[in-house]
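Engineer: mmCIF, C-alpha atoms and all ligand atoms, saved as start_25.cif, coming up:
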```cif
data_run
#
loop_
_atom_site.label_atom_id
_atom_site.label_comp_id
_atom_site.auth_asym_id
_atom_site.auth_seq_id
_atom_site.Cartn_x
_atom_site.Cartn_y
_atom_site.Cartn_z
CA MET W 298 7.92 -61.62 164.95
CA ASP W 299 7.13 -57.92 165.47
CA ASN W 300 5.05 -57.13 162.37
CA ASN W 301 5.88 -53.43 162.73
CA ARG W 302 9.55 -54.12 162.03
CA ARG W 303 10.89 -54.35 158.54
CA PRO W 304 12.64 -57.71 158.13
CA GLU W 305 16.37 -57.23 157.55
CA ASN W 306 16.31 -59.31 154.37
CA MET W 307 13.35 -57.47 152.81
CA ALA W 308 14.36 -56.36 149.28
CA ARG W 309 14.13 -52.67 148.42
CA ILE W 310 11.20 -52.29 146.01
CA ASN W 311 12.80 -50.41 143.13
CA THR W 312 11.48 -52.10 140.00
CA LYS W 313 8.06 -52.63 138.47
CA GLU W 314 8.46 -56.42 138.90
CA LEU W 315 9.14 -56.09 142.62
CA ALA W 316 6.26 -53.62 142.95
CA ASP W 317 3.89 -55.98 141.13
CA ALA W 318 4.88 -58.82 143.44
CA PHE W 319 4.32 -56.59 146.49
CA ILE W 320 0.91 -55.53 145.15
CA GLU W 321 -0.19 -59.15 144.61
CA GLU W 322 0.99 -60.09 148.09
CA GLN W 323 -0.86 -57.17 149.68
CA ILE W 324 -4.05 -57.80 147.70
CA ALA W 325 -4.14 -61.33 149.09
CA ALA W 326 -3.35 -60.11 152.62
CA VAL W 327 -6.03 -57.40 152.55
CA LYS W 328 -8.66 -59.79 151.18
CA ALA W 329 -7.81 -62.28 153.91
CA GLN W 330 -7.96 -59.57 156.58
CA VAL W 331 -11.22 -57.83 155.64
CA GLY W 332 -13.30 -60.57 153.99
CA ASP W 333 -16.56 -59.00 152.81
CA LYS W 334 -16.49 -56.12 155.34
CA LYS W 335 -16.25 -52.43 154.48
CA VAL W 336 -13.09 -50.36 154.86
CA LEU W 337 -12.94 -46.60 155.39
CA LEU W 338 -10.08 -44.38 154.22
CA ALA W 339 -9.37 -40.67 154.65
CA LEU W 340 -8.08 -39.84 151.18
CA SER W 341 -6.16 -36.56 151.25
CA GLY W 342 -4.67 -36.91 147.79
CA GLY W 343 -1.16 -37.17 149.23
CA VAL W 344 1.12 -39.91 147.94
CA ASP W 345 0.56 -42.37 150.79
CA SER W 346 -3.23 -42.24 151.06
CA SER W 347 -3.53 -42.24 147.26
CA VAL W 348 -1.40 -45.37 146.91
CA VAL W 349 -3.37 -47.11 149.67
CA ALA W 350 -6.60 -46.16 147.91
CA ALA W 351 -5.43 -47.46 144.53
CA LEU W 352 -4.19 -50.69 146.12
CA LEU W 353 -7.41 -51.29 148.04
CA ILE W 354 -9.60 -50.46 145.04
CA LYS W 355 -7.73 -53.23 143.25
CA ALA W 356 -8.14 -55.60 146.18
CA ILE W 357 -11.70 -54.98 147.34
CA GLY W 358 -13.30 -52.51 144.89
CA LYS W 359 -16.40 -50.83 146.27
CA GLN W 360 -15.94 -52.31 149.75
CA LEU W 361 -13.50 -49.42 150.17
CA ILE W 362 -15.15 -46.12 151.07
CA CYS W 363 -12.86 -43.13 150.53
CA VAL W 364 -13.64 -39.85 152.26
CA HIS W 365 -11.99 -36.73 150.93
CA VAL W 366 -12.30 -33.75 153.26
CA ASN W 367 -11.58 -30.41 151.61
CA HIS W 368 -10.62 -28.18 154.54
CA GLY W 369 -10.45 -25.11 152.32
CA LEU W 370 -6.66 -25.03 152.73
CA MET W 371 -5.83 -27.18 149.73
CA ARG W 372 -3.77 -25.91 146.82
CA LYS W 373 -5.46 -24.76 143.64
CA ASP W 374 -7.44 -27.57 141.91
CA GLU W 375 -6.16 -30.20 144.34
CA SER W 376 -9.50 -31.50 145.63
CA GLU W 377 -10.96 -31.42 142.12
CA ASN W 378 -8.08 -33.63 140.95
CA VAL W 379 -8.64 -36.16 143.73
CA VAL W 380 -12.27 -36.48 142.67
CA LYS W 381 -11.33 -36.66 138.99
CA ILE W 382 -8.73 -39.39 139.44
CA PHE W 383 -10.45 -41.54 142.03
CA LYS W 384 -14.16 -41.12 141.31
CA ASP W 385 -14.15 -40.52 137.56
CA GLU W 386 -11.16 -42.58 136.46
CA LEU W 387 -10.79 -45.33 139.09
CA ASP W 388 -14.52 -45.57 139.83
CA ALA W 389 -13.89 -45.40 143.58
CA ASN W 390 -16.60 -45.26 146.18
CA LEU W 391 -15.68 -41.68 147.14
CA ILE W 392 -17.45 -39.26 149.44
CA TYR W 393 -16.35 -35.65 148.89
CA ILE W 394 -16.95 -33.22 151.72
CA ASP W 395 -16.43 -29.51 151.26
CA ALA W 396 -15.84 -28.38 154.84
CA THR W 397 -14.24 -25.05 153.92
CA GLU W 398 -16.74 -22.97 155.90
CA ARG W 399 -16.38 -25.10 159.05
CA PHE W 400 -12.60 -24.77 159.03
CA LEU W 401 -12.30 -21.13 158.05
CA SER W 402 -14.80 -19.94 160.61
CA LEU W 403 -13.04 -21.87 163.40
CA LEU W 404 -9.71 -20.37 162.33
CA GLU W 405 -10.93 -16.79 162.27
CA ASN W 406 -8.68 -14.54 164.41
CA VAL W 407 -6.43 -17.46 165.44
CA SER W 408 -2.82 -16.45 164.87
CA ASP W 409 -0.73 -18.89 166.92
CA PRO W 410 0.72 -21.59 164.60
CA GLU W 411 0.32 -24.50 167.00
CA SER W 412 -3.27 -23.45 167.83
CA LYS W 413 -4.00 -23.35 164.10
CA ARG W 414 -2.54 -26.85 163.68
CA LYS W 415 -4.58 -28.17 166.62
CA ILE W 416 -7.82 -26.65 165.35
CA ILE W 417 -7.27 -28.02 161.84
CA GLY W 418 -6.31 -31.49 163.14
CA ALA W 419 -9.22 -31.69 165.60
CA GLU W 420 -11.77 -30.43 163.08
CA PHE W 421 -10.51 -32.88 160.51
CA ILE W 422 -11.27 -35.69 162.94
CA ASN W 423 -14.70 -34.21 163.72
CA VAL W 424 -15.67 -34.02 160.05
CA PHE W 425 -14.32 -37.49 159.31
CA ALA W 426 -15.92 -39.02 162.41
CA ASP W 427 -19.31 -37.42 161.60
CA GLU W 428 -19.14 -39.06 158.20
CA ALA W 429 -17.99 -42.41 159.60
CA ARG W 430 -20.96 -42.49 161.99
CA LYS W 431 -23.37 -42.11 159.09
CA LEU W 432 -21.99 -45.21 157.38
CA GLU W 433 -23.13 -48.69 158.25
CA GLY W 434 -21.16 -51.90 158.45
CA VAL W 435 -17.66 -50.42 158.40
CA SER W 436 -15.23 -52.52 160.41
CA PHE W 437 -11.85 -51.37 159.14
CA LEU W 438 -9.91 -48.14 158.80
CA ALA W 439 -7.19 -48.03 156.15
CA GLN W 440 -4.23 -45.73 156.71
CA GLY W 441 -1.28 -44.65 154.63
CA THR W 442 1.18 -45.31 157.44
CA ILE W 443 4.70 -45.82 156.06
CA TYR W 444 7.86 -47.12 157.71
CA PRO W 445 9.30 -43.72 158.70
CA ASP W 446 6.03 -43.07 160.63
CA ILE W 447 6.57 -46.32 162.52
CA LEU W 448 10.19 -45.37 163.24
CA GLU W 449 9.06 -41.91 164.40
CA SER W 450 6.50 -43.41 166.76
CA ILE W 451 9.24 -45.60 168.20
CA LYS W 452 11.35 -42.45 168.79
CA ALA W 453 8.38 -40.64 170.32
CA ALA W 454 7.82 -43.58 172.65
CA GLU W 455 11.43 -43.17 173.72
CA GLY W 456 10.60 -39.59 174.75
CA LYS W 457 12.38 -37.56 172.03
CA LYS W 458 10.82 -34.12 171.54
CA ALA W 459 9.54 -32.69 168.22
CA VAL W 460 9.88 -29.02 167.10
CA LYS W 461 6.38 -28.91 165.58
CA SER W 462 3.33 -31.08 166.10
CA HIS W 463 3.34 -32.61 162.61
CA HIS W 464 0.96 -35.39 163.40
CA ASN W 465 -2.25 -33.58 162.67
CA VAL W 466 -4.51 -36.61 162.56
CA GLY W 467 -4.72 -38.08 166.01
CA GLY W 468 -6.92 -40.98 167.05
CA LEU W 469 -10.63 -41.20 166.30
CA PRO W 470 -13.23 -40.76 169.07
CA ALA W 471 -13.73 -43.78 171.34
CA ASP W 472 -17.14 -44.73 169.88
CA LEU W 473 -15.50 -45.42 166.53
CA LYS W 474 -13.61 -48.64 166.83
CA PHE W 475 -11.98 -49.93 163.69
CA GLU W 476 -9.34 -52.50 162.99
CA LEU W 477 -6.46 -50.95 161.02
CA VAL W 478 -5.45 -51.86 157.48
CA GLU W 479 -1.95 -50.51 156.77
CA PRO W 480 -0.57 -52.15 153.63
CA LEU W 481 2.38 -49.71 153.25
CA LYS W 482 3.63 -49.77 156.80
CA LEU W 483 6.94 -51.48 156.02
CA LEU W 484 7.75 -49.33 152.98
CA PHE W 485 9.97 -46.30 152.59
CA LYS W 486 8.70 -43.35 150.57
CA ASP W 487 10.66 -44.17 147.41
CA GLU W 488 9.13 -47.66 147.45
CA VAL W 489 5.62 -46.25 147.90
CA ARG W 490 6.15 -44.19 144.75
CA VAL W 491 7.30 -47.23 142.75
CA VAL W 492 4.22 -49.13 143.94
CA GLY W 493 2.00 -46.14 143.06
CA GLU W 494 3.32 -46.05 139.51
CA ALA W 495 2.90 -49.81 139.17
CA LEU W 496 -0.73 -49.32 140.23
CA GLY W 497 -1.17 -46.85 137.35
CA LEU W 498 -1.51 -43.63 139.36
CA PRO W 499 -0.46 -40.46 137.48
CA HIS W 500 3.24 -39.56 137.76
CA ALA W 501 2.37 -36.09 139.09
CA MET W 502 0.41 -37.59 141.97
CA VAL W 503 3.00 -40.22 142.87
CA TYR W 504 5.94 -37.78 142.71
CA ARG W 505 4.03 -34.90 144.24
CA GLN W 506 6.05 -32.73 146.62
CA PRO W 507 5.20 -33.09 150.32
CA PHE W 508 2.30 -30.96 151.47
CA PRO W 509 1.64 -30.50 155.20
CA GLY W 510 -1.65 -31.71 156.71
CA PRO W 511 -2.67 -28.15 157.74
CA GLY W 512 -2.06 -27.19 154.12
CA LEU W 513 -1.99 -23.54 153.13
CA GLY W 514 -3.12 -22.80 156.70
CA VAL W 515 0.52 -22.69 157.89
CA ARG W 516 1.59 -20.60 154.86
CA CYS W 517 -1.05 -17.88 155.25
CA LEU W 518 0.85 -16.57 158.25
CA GLY W 519 -0.91 -15.49 161.44
CA ALA W 520 -4.69 -15.16 161.47
CA ILE W 521 -6.02 -16.50 158.15
CA THR W 522 -8.22 -14.22 156.09
CA ARG W 523 -10.07 -15.39 153.01
CA ASP W 524 -8.63 -12.76 150.68
CA ARG W 525 -5.02 -13.43 151.73
CA LEU W 526 -5.60 -17.20 151.53
CA GLU W 527 -6.89 -16.79 148.00
CA ALA W 528 -3.88 -14.65 147.06
CA LEU W 529 -1.59 -17.34 148.47
CA ARG W 530 -3.39 -20.11 146.54
CA GLU W 531 -3.08 -18.21 143.26
CA ALA W 532 0.57 -17.23 143.81
CA ASP W 533 1.43 -20.83 144.74
CA ALA W 534 -0.25 -22.12 141.58
CA ILE W 535 1.86 -19.72 139.47
CA LEU W 536 5.06 -20.82 141.23
CA ARG W 537 4.23 -24.49 140.62
CA ASP W 538 3.33 -23.82 137.01
CA GLU W 539 6.64 -22.04 136.35
CA PHE W 540 8.62 -24.75 138.16
CA ASP W 541 6.93 -27.35 135.94
CA LYS W 542 7.58 -25.41 132.76
CA ASN W 543 11.24 -24.77 133.64
CA GLY W 544 12.18 -28.29 134.71
CA LEU W 545 12.60 -27.33 138.36
CA ALA W 546 9.74 -29.42 139.74
CA GLU W 547 11.75 -32.64 139.35
CA LYS W 548 14.88 -31.09 140.87
CA VAL W 549 13.49 -29.39 143.96
CA TRP W 550 12.15 -31.30 146.94
CA GLN W 551 9.67 -28.72 148.17
CA TYR W 552 8.71 -25.32 146.79
CA PHE W 553 5.91 -23.06 147.81
CA VAL W 554 4.75 -19.55 148.57
CA VAL W 555 4.17 -17.94 151.96
CA VAL W 556 2.08 -14.80 152.41
CA PRO W 557 2.61 -12.88 155.66
CA ASP W 558 0.17 -10.48 157.18
CA ILE W 559 2.07 -7.31 156.30
CA LYS W 560 1.50 -4.76 153.61
CA SER W 561 3.89 -2.46 151.83
CA VAL W 562 3.31 0.47 149.56
CA GLY W 563 3.52 -0.14 145.85
CA VAL W 564 2.24 1.38 142.66
CA LYS W 565 -0.15 -0.03 140.08
CA ASP W 566 -1.78 1.76 137.15
CA ASP W 567 -0.14 4.99 138.35
CA SER W 568 -1.82 4.75 141.75
CA ARG W 569 -0.70 3.85 145.24
CA TYR W 570 -1.26 0.11 145.75
CA GLU W 571 -0.82 -1.44 149.18
CA GLY W 572 -0.33 -5.16 149.00
CA TRP W 573 1.16 -8.25 150.65
CA PRO W 574 4.50 -9.76 149.65
CA ALA W 575 4.55 -13.30 148.25
CA ILE W 576 7.60 -15.12 149.64
CA ILE W 577 9.09 -17.93 147.57
CA ARG W 578 10.74 -20.88 149.33
CA ALA W 579 12.46 -23.73 147.46
CA VAL W 580 14.43 -26.30 149.43
CA ASN W 581 16.18 -29.59 148.99
CA THR W 582 16.52 -32.16 151.71
CA VAL W 583 16.87 -35.87 152.27
CA ASP W 584 14.85 -36.32 155.42
CA ALA W 585 13.34 -32.84 156.15
CA MET W 586 15.49 -32.60 159.30
CA THR W 587 17.92 -30.25 157.55
CA ALA W 588 17.46 -28.47 154.22
CA THR W 589 19.48 -26.47 151.71
CA ILE W 590 18.33 -23.73 149.37
CA GLU W 591 17.84 -24.56 145.72
CA GLU W 592 19.11 -21.91 143.32
CA ILE W 593 16.42 -20.66 140.99
CA PRO W 594 17.73 -19.06 137.76
CA TYR W 595 17.13 -15.31 137.67
CA PRO W 596 15.09 -15.36 134.44
CA VAL W 597 12.68 -17.80 136.09
CA LEU W 598 12.48 -15.60 139.18
CA HIS W 599 11.73 -12.58 137.00
CA LYS W 600 8.97 -14.47 135.20
CA ILE W 601 7.42 -15.66 138.46
CA THR W 602 7.59 -12.14 139.90
CA ALA W 603 6.02 -10.60 136.82
CA ARG W 604 3.20 -13.14 136.78
CA ILE W 605 2.43 -13.03 140.50
CA THR W 606 2.36 -9.23 140.68
CA ALA W 607 0.24 -8.99 137.52
CA GLU W 608 -2.14 -11.90 138.14
CA VAL W 609 -2.63 -12.10 141.90
CA GLU W 610 -5.03 -9.67 143.51
CA GLY W 611 -3.55 -8.07 146.63
CA VAL W 612 0.14 -8.93 146.07
CA ASN W 613 2.59 -6.18 145.11
CA ARG W 614 6.02 -7.67 145.86
CA VAL W 615 7.82 -11.02 145.51
CA LEU W 616 10.58 -12.03 147.92
CA LEU W 617 12.93 -15.00 148.00
CA ASP W 618 13.70 -16.86 151.23
CA LEU W 619 17.39 -17.89 151.31
CA THR W 620 17.40 -19.49 154.76
CA PRO W 621 18.53 -23.09 155.10
CA LYS W 622 17.27 -25.40 157.86
CA PRO W 623 18.62 -24.82 160.43
CA CYS W 624 18.08 -22.09 161.37
CA GLY W 625 14.80 -21.69 159.52
CA THR W 626 12.39 -24.58 159.51
CA ILE W 627 11.04 -25.49 156.07
CA GLU W 628 7.58 -24.05 156.75
CA TRP W 629 7.35 -20.58 158.26
CA GLU W 630 4.94 -21.71 160.98
P1 LIG T 1 9.53 -28.07 159.11
O1 LIG T 1 8.74 -26.83 158.88
O2 LIG T 1 9.32 -28.66 160.47
O3 LIG T 1 8.94 -29.12 158.08
O4 LIG T 1 10.99 -27.92 158.77
C1 LIG T 1 9.49 -30.39 157.76
C2 LIG T 1 8.55 -31.07 156.78
O5 LIG T 1 7.30 -31.36 157.43
C3 LIG T 1 6.24 -30.68 156.79
N1 LIG T 1 5.34 -30.17 157.85
C4 LIG T 1 4.19 -30.75 158.20
N2 LIG T 1 3.60 -31.87 157.75
N3 LIG T 1 1.81 -31.49 159.26
C5 LIG T 1 2.38 -32.21 158.26
O6 LIG T 1 1.79 -33.20 157.84
C6 LIG T 1 2.35 -30.36 159.77
O7 LIG T 1 1.80 -29.73 160.67
C7 LIG T 1 3.62 -29.97 159.22
N4 LIG T 1 4.45 -28.94 159.46
C8 LIG T 1 5.51 -29.09 158.61
C9 LIG T 1 6.86 -29.58 155.97
O8 LIG T 1 6.05 -29.23 154.86
C10 LIG T 1 8.18 -30.21 155.58
O9 LIG T 1 8.02 -31.07 154.47
#
```
Starting from the file, lay out its structure as structure tokens.

Structural biologist:
Amino acid sequence: MDNNRRPENMARINTKELADAFIEEQIAAVKAQVGDKKVLLALSGGVDSSVVAALLIKAIGKQLICVHVNHGLMRKDESENVVKIFKDELDANLIYIDATERFLSLLENVSDPESKRKIIGAEFINVFADEARKLEGVSFLAQGTIYPDILESIKAAEGKKAVKSHHNVGGLPADLKFELVEPLKLLFKDEVRVVGEALGLPHAMVYRQPFPGPGLGVRCLGAITRDRLEALREADAILRDEFDKNGLAEKVWQYFVVVPDIKSVGVKDDSRYEGWPAIIRAVNTVDAMTATIEEIPYPVLHKITARITAEVEGVNRVLLDLTPKPCGTIEWE
């Protein structure tokens, strides 16, 4: 049997009981696969890698080595939360690498979106590989591959072309040879979330909105500058906070802020104030191939606008993107 194909009679994991059974099954399978060897995992804090981490911590404890690379393009407090949950609460063997300087200096003056993606993806592998080489006795690499990734690879193998190069993390360098551990590879996203909750991960982490691998790098449009990136991070945190407070976070599939490299004239404290616009995007979709615009109540928009323009250094306007996909893509780059 092709073990990359989901068996037709496999039950959809949609209850705690089914999730618990899946977890027990996978714990046994992982233990049988890795024995007493060490397993490495790039833990981004996304749903898939977090669920793999929680599952493997349960199966093999400290034999799992998690590496969290902060590329400096994470949302506000995101890396700190990964460390808090996995190191402090789950007692994981976690290596935290702050690679902000490496990434931001490589991205200086780079404005082409695909070049930015390639630089971020390649540097991610460099940082991760450097760390992997320092470790001894690691034989396995765990990955949060899920069934849609497998289906996408099948499509790619059939020669269908993608609009953007979403797969930021390519293969590791040839000197690093690991056997793969992919406990979620037959699951759909909704099932991964049910398993994550059954493993005791926080609801906010398991139901977190999708966040692209290149992170805020593709939302700080054009050549990234540190001040504009910081403005974006702060504005995005305000948007997320207001969506949480107003019950929109559960209703909207993906919502974020984009800050383009243009300035307009405004006024602050009775003086001319040139600043960037913060653009709000909130979309709903089933599969990210097409997307519709979620309506945000005007009072919420007013609150977000007031907070962003008052609290975020360098921003003097707030705009709303009303473009569905197609013809806009979800991200601006
Ligand atoms: P687009 O912009 O293509 O986005 O409509 C569809 C979904 O994919 C996410 N996205 C990415 N995810 N690496 C990722 O891991 C990327 O380079 C990337 N670009 C877009 C986007 O956030 C949306 O959920």

Engineer: Counting all atoms listed in the file, which protein, DNA or RNA residues come within 8 Å of ligand LIG 1 (chain T), given as an mmCIF file with C-alpha atoms, in the frame of the given file?

Structural biologist:
```cif
data_model
loop_
_atom_site.group_PDB
_atom_site.id
_atom_site.type_symbol
_atom_site.label_atom_id
_atom_site.label_comp_id
_atom_site.auth_asym_id
_atom_site.auth_seq_id
_atom_site.Cartn_x
_atom_site.Cartn_y
_atom_site.Cartn_z
ATOM 1 C CA ARG W 414 -2.540 -26.850 163.680
ATOM 2 C CA VAL W 460 9.880 -29.020 167.100
ATOM 3 C CA LYS W 461 6.380 -28.910 165.580
ATOM 4 C CA SER W 462 3.330 -31.080 166.100
ATOM 5 C CA HIS W 463 3.340 -32.610 162.610
ATOM 6 C CA HIS W 464 0.960 -35.390 163.400
ATOM 7 C CA ASN W 465 -2.250 -33.580 162.670
ATOM 8 C CA PRO W 507 5.200 -33.090 150.320
ATOM 9 C CA PHE W 508 2.300 -30.960 151.470
ATOM 10 C CA PRO W 509 1.640 -30.500 155.200
ATOM 11 C CA GLY W 510 -1.650 -31.710 156.710
ATOM 12 C CA PRO W 511 -2.670 -28.150 157.740
ATOM 13 C CA GLY W 512 -2.060 -27.190 154.120
ATOM 14 C CA VAL W 515 0.520 -22.690 157.890
ATOM 15 C CA GLN W 551 9.670 -28.720 148.170
ATOM 16 C CA ALA W 585 13.340 -32.840 156.150
ATOM 17 C CA MET W 586 15.490 -32.600 159.300
ATOM 18 C CA THR W 587 17.920 -30.250 157.550
ATOM 19 C CA ALA W 588 17.460 -28.470 154.220
ATOM 20 C CA LYS W 622 17.270 -25.400 157.860
ATOM 21 C CA GLY W 625 14.800 -21.690 159.520
ATOM 22 C CA THR W 626 12.390 -24.580 159.510
ATOM 23 C CA ILE W 627 11.040 -25.490 156.070
ATOM 24 C CA GLU W 628 7.580 -24.050 156.750
ATOM 25 C CA TRP W 629 7.350 -20.580 158.260
ATOM 26 C CA GLU W 630 4.940 -21.710 160.980
#
```

Engineer: Using all atoms listed in the file, find the one residue out of W:Glu539, W:Asp446, W:Glu494, W:Asp427 that sits nearest to Leu598 of chain W.

Structural biologist: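 Closest to Leu598 of chain W of all the choices is W:Glu539.
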
Engineer: Padding 4 Å on each side, edges along x, y and z: where is the centre of the box around the listed atoms of segment 561-573 of chain W, and how long are its edges in Å to one decimal? Output it as AutoDock Vina command-line options.

Structural biologist:
```
--center_x 1.0 --center_y -1.6 --center_z 144.5 --size_x 13.7 --size_y 21.2 --size_z 22.7
```

Engineer: Which residues come within 10 Å of segment 467-478 of chain W, counting all atoms listed in the file, excluding same-chain residues fewer than 3 positions away, as a ChimeraX atom specification?

Structural biologist: /W:326-327,330-331,336-338,349,353,415,418-419,421-423,425-426,429-430,435-442,464,481-482

Engineer: Residues near segment 392-395 of chain W, anyone? I mean within 6 Å using only C-alpha atoms, not counting same-chain ones fewer than 6 positions away, as a ChimeraX atom specification.

Structural biologist: /W:364-367

Engineer: Glu386 of chain W: which residues within 12 Å, counting all atoms listed in the file, same-chain residues fewer than 5 positions away excluded, as a list in words?

Structural biologist: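 Residues meeting the cut-off are Ala351, Ile354, Asn378, Val379, Val380, Lys381, Leu391, Gly497, Leu498 and Pro499 of chain W.
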
Engineer: Which neighbours of Ala356 of chain W fall inside 10 Å, counting all atoms listed in the file, when residues of the same chain fewer than 3 positions from it are skipped, and could you give them as a PDB file with C-alpha atoms, keeping the file's coordinate frame?

Structural biologist:
```
ATOM      1  CA  ILE W 320       0.910 -55.530 145.150  1.00  0.00           C
ATOM      2  CA  GLU W 321      -0.190 -59.150 144.610  1.00  0.00           C
ATOM      3  CA  GLN W 323      -0.860 -57.170 149.680  1.00  0.00           C
ATOM      4  CA  ILE W 324      -4.050 -57.800 147.700  1.00  0.00           C
ATOM      5  CA  ALA W 325      -4.140 -61.330 149.090  1.00  0.00           C
ATOM      6  CA  ALA W 326      -3.350 -60.110 152.620  1.00  0.00           C
ATOM      7  CA  VAL W 327      -6.030 -57.400 152.550  1.00  0.00           C
ATOM      8  CA  LYS W 328      -8.660 -59.790 151.180  1.00  0.00           C
ATOM      9  CA  ALA W 350      -6.600 -46.160 147.910  1.00  0.00           C
ATOM     10  CA  ALA W 351      -5.430 -47.460 144.530  1.00  0.00           C
ATOM     11  CA  LEU W 352      -4.190 -50.690 146.120  1.00  0.00           C
ATOM     12  CA  LEU W 353      -7.410 -51.290 148.040  1.00  0.00           C
ATOM     13  CA  LYS W 359     -16.400 -50.830 146.270  1.00  0.00           C
ATOM     14  CA  GLN W 360     -15.940 -52.310 149.750  1.00  0.00           C
ATOM     15  CA  LEU W 361     -13.500 -49.420 150.170  1.00  0.00           C
TER      16      LEU W 361
END
```

Engineer: By how many Å are atom CA of Cys363 of chain W and atom CA of Ala396 of chain W apart?

Structural biologist: 15.7 Å

Engineer: Determine, counting only C-alpha atoms, every residue of protein, DNA or RNA that lies within 10 Å of (-3.2, -13.7, 163.7) in the file coordinates, then give the result as a VMD selection string.

Structural biologist: chain W and resid 404 to 410 413 517 to 522 557 to 558

Engineer: Choose the residue, out of W:Trp550, W:Phe485, W:Trp573, W:Phe400, that has the smallest atom-to-atom separation from Val615 of chain W; count only C-alpha atoms.

Structural biologist: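 Nearest to Val615 of chain W: W:Trp573.
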
Engineer: Go ahead and compute the interatomic distance for atom CA of Glu488 of chain W and atom CA of Asp317 of chain W, in Å to one decimal.

Structural biologist: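 Separating atom CA of Glu488 of chain W from atom CA of Asp317 of chain W is a distance of 11.7 Å.
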
Engineer: Could you work out how far atom CA of Ala534 of chain W lies from atom CA of Glu591 of chain W, giving the answer in Å with one decimal?

Structural biologist: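 So the two atoms, atom CA of Glu591 of chain W and atom CA of Ala534 of chain W, lie 18.7 Å apart.
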
Engineer: Would you mind telling me which residue in W:Val348, W:Ile382, W:Leu483, W:Ile601 lies nearest to Lys542 of chain W when using all atoms listed in the file?

Structural biologist: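 Closest to Lys542 of chain W, using all atoms listed in the file: W:Ile601.
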
Engineer: For each of W:Arg537, W:Lys457, W:Lys431, W:His368, take the minimum atom-to-atom distance to Ile417 of chain W, counting all atoms listed in the file, then give the residue where this is smallest.

Structural biologist: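 Of all the options, W:His368 lies closest to Ile417 of chain W.
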
Engineer: Which residue out of W:Glu608, W:Asp333, W:Asp388, W:Asp566 has the minimum interatomic distance to Lys355 of chain W when all atoms listed in the file are used?

Structural biologist: W:Asp388

Engineer: Using all atoms listed in the file, which of W:Ile559, W:Leu526, W:Ile447, W:Val344 sits nearest Leu401 of chain W?

Structural biologist: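 Of W:Ile559, W:Leu526, W:Ile447, W:Val344, the one nearest Leu401 of chain W, counting all atoms listed in the file, is W:Leu526.
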
Engineer: List the spatial neighbours of Val612 of chain W as a compact mmCIF listing (two decimals) with C-alpha atoms, in the coordinates of the input - criterion: any atom at most 7 Å away, all atoms listed in the file, same-chain residues fewer than 5 positions off excluded.

Structural biologist:
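Listed below is the output, part-v4.txt:
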```
# COMPACT_ATOMS: atom_id res chain seq x y z
CA GLY W 572 -0.33 -5.16 149.00
CA TRP W 573 1.16 -8.25 150.65
CA PRO W 574 4.50 -9.76 149.65
CA ALA W 575 4.55 -13.30 148.25
CA THR W 606 2.36 -9.23 140.68
```
